[in-house]
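Raw contents of protein22.txt, compact mmCIF, C-alpha atoms:
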# COMPACT_ATOMS: atom_id res chain seq x y z
CA MET M 1 58.21 -9.48 41.35
CA GLU M 2 56.86 -10.87 44.54
CA ASN M 3 53.56 -8.97 44.06
CA TYR M 4 53.11 -10.37 40.57
CA LYS M 5 50.23 -12.80 40.43
CA GLU M 6 49.49 -14.77 37.32
CA THR M 7 45.81 -14.78 36.48
CA LYS M 8 44.05 -17.08 34.13
CA PRO M 9 40.82 -16.21 32.43
CA SER M 10 37.84 -17.91 33.95
CA ALA M 11 35.89 -20.58 32.12
CA PRO M 12 34.16 -19.33 29.01
CA SER M 13 30.62 -18.18 29.63
CA ALA M 14 27.58 -19.32 27.75
CA ASN M 15 27.46 -16.00 25.92
CA PRO M 16 31.05 -14.96 25.04
CA GLY M 17 30.00 -12.02 22.87
CA ARG M 18 28.40 -10.22 25.78
CA ASP M 19 30.58 -11.28 28.75
CA MET M 20 33.59 -8.99 28.71
CA GLU M 21 34.58 -9.70 32.32
CA SER M 22 35.51 -13.32 31.63
CA GLY M 23 37.88 -12.39 28.80
CA GLY M 24 35.38 -12.88 25.99
CA GLN M 25 35.79 -10.92 22.80
CA ALA M 26 33.15 -8.46 21.67
CA ILE M 27 31.41 -10.16 18.79
CA PRO M 28 29.04 -7.98 16.76
CA VAL M 29 25.55 -9.36 16.80
CA ALA M 30 24.10 -9.95 13.35
CA ARG M 31 21.33 -7.42 13.31
CA SER M 32 21.35 -6.50 9.66
CA GLY M 33 18.26 -8.61 9.03
CA LYS M 34 16.34 -6.89 11.80
CA CYS M 35 17.59 -3.47 10.71
CA GLU M 36 16.49 -4.14 7.14
CA LYS M 37 13.02 -5.24 8.22
CA VAL M 38 12.52 -2.30 10.58
CA SER M 39 13.81 0.08 7.93
CA LEU M 40 11.42 -1.44 5.39
CA ILE M 41 8.47 -1.05 7.76
CA LEU M 42 9.38 2.59 8.43
CA ARG M 43 9.71 3.31 4.73
CA VAL M 44 6.37 1.67 3.96
CA ALA M 45 4.81 3.90 6.62
CA ALA M 46 6.54 6.95 5.10
CA LEU M 47 5.25 5.90 1.68
CA VAL M 48 1.68 5.68 2.95
CA PHE M 49 1.87 9.02 4.76
CA SER M 50 3.43 10.81 1.79
CA VAL M 51 0.91 9.40 -0.69
CA VAL M 52 -1.96 10.49 1.55
CA SER M 53 -0.34 13.90 2.02
CA PHE M 54 0.06 14.67 -1.65
CA ILE M 55 -3.33 13.23 -2.63
CA ILE M 56 -5.09 15.41 -0.06
CA MET M 57 -3.14 18.45 -1.22
CA ALA M 58 -3.87 17.71 -4.87
CA CYS M 59 -7.59 17.49 -4.05
CA THR M 60 -7.57 20.85 -2.26
CA LYS M 61 -9.22 23.63 -4.25
CA ASN M 62 -7.00 26.49 -5.43
CA PHE M 63 -3.86 25.19 -3.69
CA ASP M 64 -1.69 26.09 -6.67
CA GLY M 65 -1.96 29.81 -5.96
CA PHE M 66 0.18 29.51 -2.84
CA HIS M 67 3.89 28.72 -2.78
CA GLN M 68 3.71 26.98 0.61
CA LEU M 69 1.12 24.51 -0.62
CA ARG M 70 2.91 23.79 -3.88
CA TYR M 71 6.06 23.10 -1.86
CA LEU M 72 4.12 20.69 0.36
CA LEU M 73 2.77 18.90 -2.71
CA ALA M 74 6.21 18.69 -4.34
CA ALA M 75 7.78 17.32 -1.15
CA GLY M 76 5.03 14.70 -0.93
CA ILE M 77 5.60 13.62 -4.51
CA LEU M 78 9.40 13.45 -4.09
CA CYS M 79 9.00 11.45 -0.89
CA THR M 80 6.61 9.07 -2.64
CA VAL M 81 9.03 8.47 -5.51
CA TYR M 82 12.01 7.98 -3.17
CA THR M 83 10.24 5.67 -0.73
CA THR M 84 8.70 3.63 -3.56
CA PHE M 85 12.19 3.03 -4.92
CA GLN M 86 13.56 2.17 -1.46
CA VAL M 87 10.67 -0.14 -0.58
CA THR M 88 11.08 -1.96 -3.90
CA ARG M 89 14.85 -2.26 -3.46
CA GLN M 90 14.61 -3.45 0.16
CA SER M 91 11.80 -5.91 -0.61
CA TYR M 92 13.91 -7.41 -3.38
CA TYR M 93 16.91 -7.66 -1.04
CA ILE M 94 14.94 -9.27 1.78
CA SER M 95 13.19 -11.76 -0.50
CA THR M 96 16.19 -12.81 -2.60
CA GLY M 97 19.20 -11.91 -0.47
CA LYS M 98 20.73 -10.16 -3.49
CA SER M 99 21.47 -6.46 -3.51
CA LEU M 100 20.93 -4.35 -6.61
CA PHE M 101 23.97 -2.20 -5.82
CA GLU M 102 27.16 -2.47 -3.79
CA GLN M 103 26.61 -2.49 -0.03
CA ARG M 104 28.55 0.76 0.47
CA THR M 105 26.60 2.53 -2.28
CA THR M 106 23.30 1.31 -0.86
CA SER M 107 24.24 2.47 2.63
CA LEU M 108 25.23 5.93 1.38
CA VAL M 109 22.07 6.34 -0.70
CA ASP M 110 19.96 5.21 2.27
CA PHE M 111 21.66 7.60 4.66
CA PHE M 112 21.73 10.71 2.49
CA GLY M 113 18.40 10.02 0.78
CA ASP M 114 16.57 9.58 4.08
CA GLN M 115 18.05 12.79 5.44
CA ILE M 116 17.36 14.88 2.34
CA ILE M 117 13.78 13.69 1.95
CA ALA M 118 13.13 14.04 5.70
CA TYR M 119 14.42 17.61 5.52
CA LEU M 120 12.15 18.39 2.57
CA LEU M 121 9.16 16.99 4.43
CA VAL M 122 9.75 18.85 7.67
CA SER M 123 10.52 22.13 5.92
CA SER M 124 7.42 21.88 3.72
CA ALA M 125 5.24 21.00 6.70
CA SER M 126 6.68 23.86 8.71
CA THR M 127 5.95 26.36 5.93
CA ALA M 128 2.39 25.11 5.46
CA ALA M 129 1.49 24.91 9.17
CA PRO M 130 1.24 28.67 9.83
CA PHE M 131 -0.63 29.04 6.56
CA VAL M 132 -3.41 26.81 7.94
CA ALA M 133 -4.14 29.35 10.69
CA THR M 134 -4.24 32.18 8.15
CA ILE M 135 -6.63 30.30 5.86
CA ARG M 136 -8.84 29.36 8.81
CA GLU M 137 -9.08 33.03 9.88
CA VAL M 138 -10.08 34.03 6.35
CA GLU M 139 -12.68 31.26 6.20
CA ASP M 140 -14.12 32.31 9.56
CA ALA M 141 -14.26 35.96 8.49
CA LEU M 142 -16.13 35.01 5.33
CA PHE M 143 -18.41 32.60 7.21
CA ALA M 144 -17.19 29.85 4.91
CA SER M 145 -16.73 26.21 5.80
CA ASN M 146 -13.34 25.17 7.11
CA GLU M 147 -13.00 22.52 4.43
CA THR M 148 -9.93 23.98 2.72
CA SER M 149 -8.04 24.69 5.93
CA SER M 150 -8.91 21.24 7.26
CA MET M 151 -7.57 19.58 4.11
CA ILE M 152 -4.37 21.63 4.27
CA ALA M 153 -4.00 20.72 7.96
CA ALA M 154 -4.49 17.02 7.17
CA SER M 155 -1.92 17.13 4.38
CA THR M 156 0.53 18.96 6.62
CA SER M 157 0.12 16.44 9.43
CA MET M 158 0.63 13.51 7.04
CA ALA M 159 3.83 15.13 5.76
CA PHE M 160 5.02 15.54 9.33
CA LEU M 161 4.27 11.87 10.10
CA ALA M 162 6.20 10.87 6.98
CA PHE M 163 9.07 13.02 8.25
CA LEU M 164 9.05 11.25 11.62
CA THR M 165 9.24 7.80 10.07
CA LEU M 166 12.02 8.84 7.69
CA ALA M 167 13.93 10.48 10.54
CA VAL M 168 13.96 7.18 12.43
CA SER M 169 14.90 5.41 9.20
CA ALA M 170 17.80 7.85 8.81
CA VAL M 171 19.05 6.89 12.26
CA ILE M 172 18.96 3.22 11.26
CA SER M 173 20.74 4.10 8.00
CA ALA M 174 23.45 5.86 10.00
CA PHE M 175 23.83 2.74 12.13
CA LYS M 176 24.18 0.57 9.03
CA LEU M 177 26.63 3.04 7.47
CA ARG M 178 28.83 2.79 10.55
CA LYS M 179 29.57 -0.87 9.84
Kindly transcribe the structure held in the file into structure tokens.
Amino acid sequence: MENYKETKPSAPSANPGRDMESGGQAIPVARSGKCEKVSLILRVAALVFSVVSFIIMACTKNFDGFHQLRYLLAAGILCTVYTTFQVTRQSYYISTGKSLFEQRTTSLVDFFGDQIIAYLLVSSASTAAPFVATIREVEDALFASNETSSMIAASTSMAFLAFLTLAVSAVISAFKLRK
């Protein structure tokens, strides 16, 4: 008992949520507002990229004869529908502070929806990317313009950009789901 020394916590710091050495408790920082805004921005970007992707693919001549290109178009349309719903729901939540659904349900839909749509986008882009090289070789052999292959490449790259934004949004959704 002679080595026992009573210690008192030091004076509280100016920032108790971040100063663990002085005996302060870990207080979660309210970041839901920032997370919602960043998530909304990412989903708006995904919406723009997916709309551009499927419009370019729909304007491509004779795309419907190839499974890879129809898959790219379908993924772009599904992403557009999903992100339109999410952007509308999040805009309503940010502007009014009222959620359309329970918080847990919203978090689950955000998390799984982002992951499923991101998977569709990356898989459709990865099936269409090698097809661009094949089409370009055929166009070069026929001395044709590279218009079709360029449009397919543009649509594929827009789908990939939409995937990237939704992948980051899925990470944010996972963070919000953790709470």
Suppose you want the space between CA of Ile117 in chain M and CA of Phe66 in chain M; what is it in Å?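 Answer for the CA of Ile117 in chain M to CA of Phe66 in chain M separation: 21.4 Å.
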Which residue out of M:Tyr119, M:Phe143, M:Phe54, M:Phe131 has the minimum interatomic distance to Ala170 in chain M when all atoms listed in the file are used?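 The shortest atom-to-atom distance to Ala170 in chain M comes from M:Tyr119.
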Contacts of Ser150 in chain M at 9 Å or less, counting all atoms listed in the file, minus same-chain residues fewer than 4 places along, as a ChimeraX atom specification? /M:132,136,146,154-155
Write the selection just made, keeping C-alpha atoms, as a compact mmCIF listing (two decimals), keeping the file's coordinate frame?
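Wrote part30.txt, looks like this:
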# COMPACT_ATOMS: atom_id res chain seq x y z
CA VAL M 132 -3.41 26.81 7.94
CA ARG M 136 -8.84 29.36 8.81
CA ASN M 146 -13.34 25.17 7.11
CA ALA M 154 -4.49 17.02 7.17
CA SER M 155 -1.92 17.13 4.38
Within 8 Å of range 174-176 of chain M using all atoms listed in the file, minus same-chain residues under 4 positions, as an NGL selection string: :M and (32 or 35 or 107 or 111 or 170)
Which residues are near Thr165 in chain M? Cut-off 9 Å, only C-alpha atoms, ignore same chain within fewer than 6 positions. Put them as a ChimeraX atom specification. /M:42-43,45-46,118
Long-range neighbours of Gly76 in chain M as a list in words, 7 Å cut-off, only C-alpha atoms, 3 positions minimum in chain: Ser50, Val51, Ser53, Phe54, Leu72, Leu73, Cys79, Thr80 and Ala159 of chain M
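Separating CA of Leu100 in chain M from CA of Val168 in chain M is a distance of 23.3 Å.
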Return the single residue from M:Arg70, M:Arg178, M:Lys37, M:Lys61 that is closest to Ser124 in chain M, with distances computed using all atoms listed in the file. M:Arg70
Spatial neighbours of range 81-97 of chain M, max dist 7 Å, all atoms listed in the file, sep filter under 3 positions, as a tab-separated table (two decimals) with C-alpha atoms, in the coordinates of the input:
chain	number	residue	atom	x	y	z
M	40	LEU	CA	11.42	-1.44	5.39
M	43	ARG	CA	9.71	3.31	4.73
M	44	VAL	CA	6.37	1.67	3.96
M	47	LEU	CA	5.25	5.90	1.68
M	77	ILE	CA	5.60	13.62	-4.51
M	78	LEU	CA	9.40	13.45	-4.09
With distances taken over all atoms listed in the file, which of M:Ile41, M:Phe163, M:Ser99, M:Thr148 is nearest to Ala58 in chain M?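 The answer is M:Thr148, which sits nearest to Ala58 in chain M.
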Just the number, please: distance in Å from CA of Lys98 in chain M to CA of Ile172 in chain M, one decimal.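 Answer for the CA of Lys98 in chain M to CA of Ile172 in chain M separation: 20.0 Å.
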Just need the box for range 61-76 of chain M, edges along x, y and z, holding every atom the file lists for it with 8 Å tacked onto each side, so centre and edge lengths in Å to one decimal, as JSON.
{"center_x": -0.7, "center_y": 22.3, "center_z": -3.0, "size_x": 33.0, "size_y": 31.1, "size_z": 23.3}
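Between Ala74 in chain M and the residues M:Gly33, M:Met57, M:Val52, M:Ser173, the shortest atom-to-atom distance, using only C-alpha atoms, involves M:Met57.
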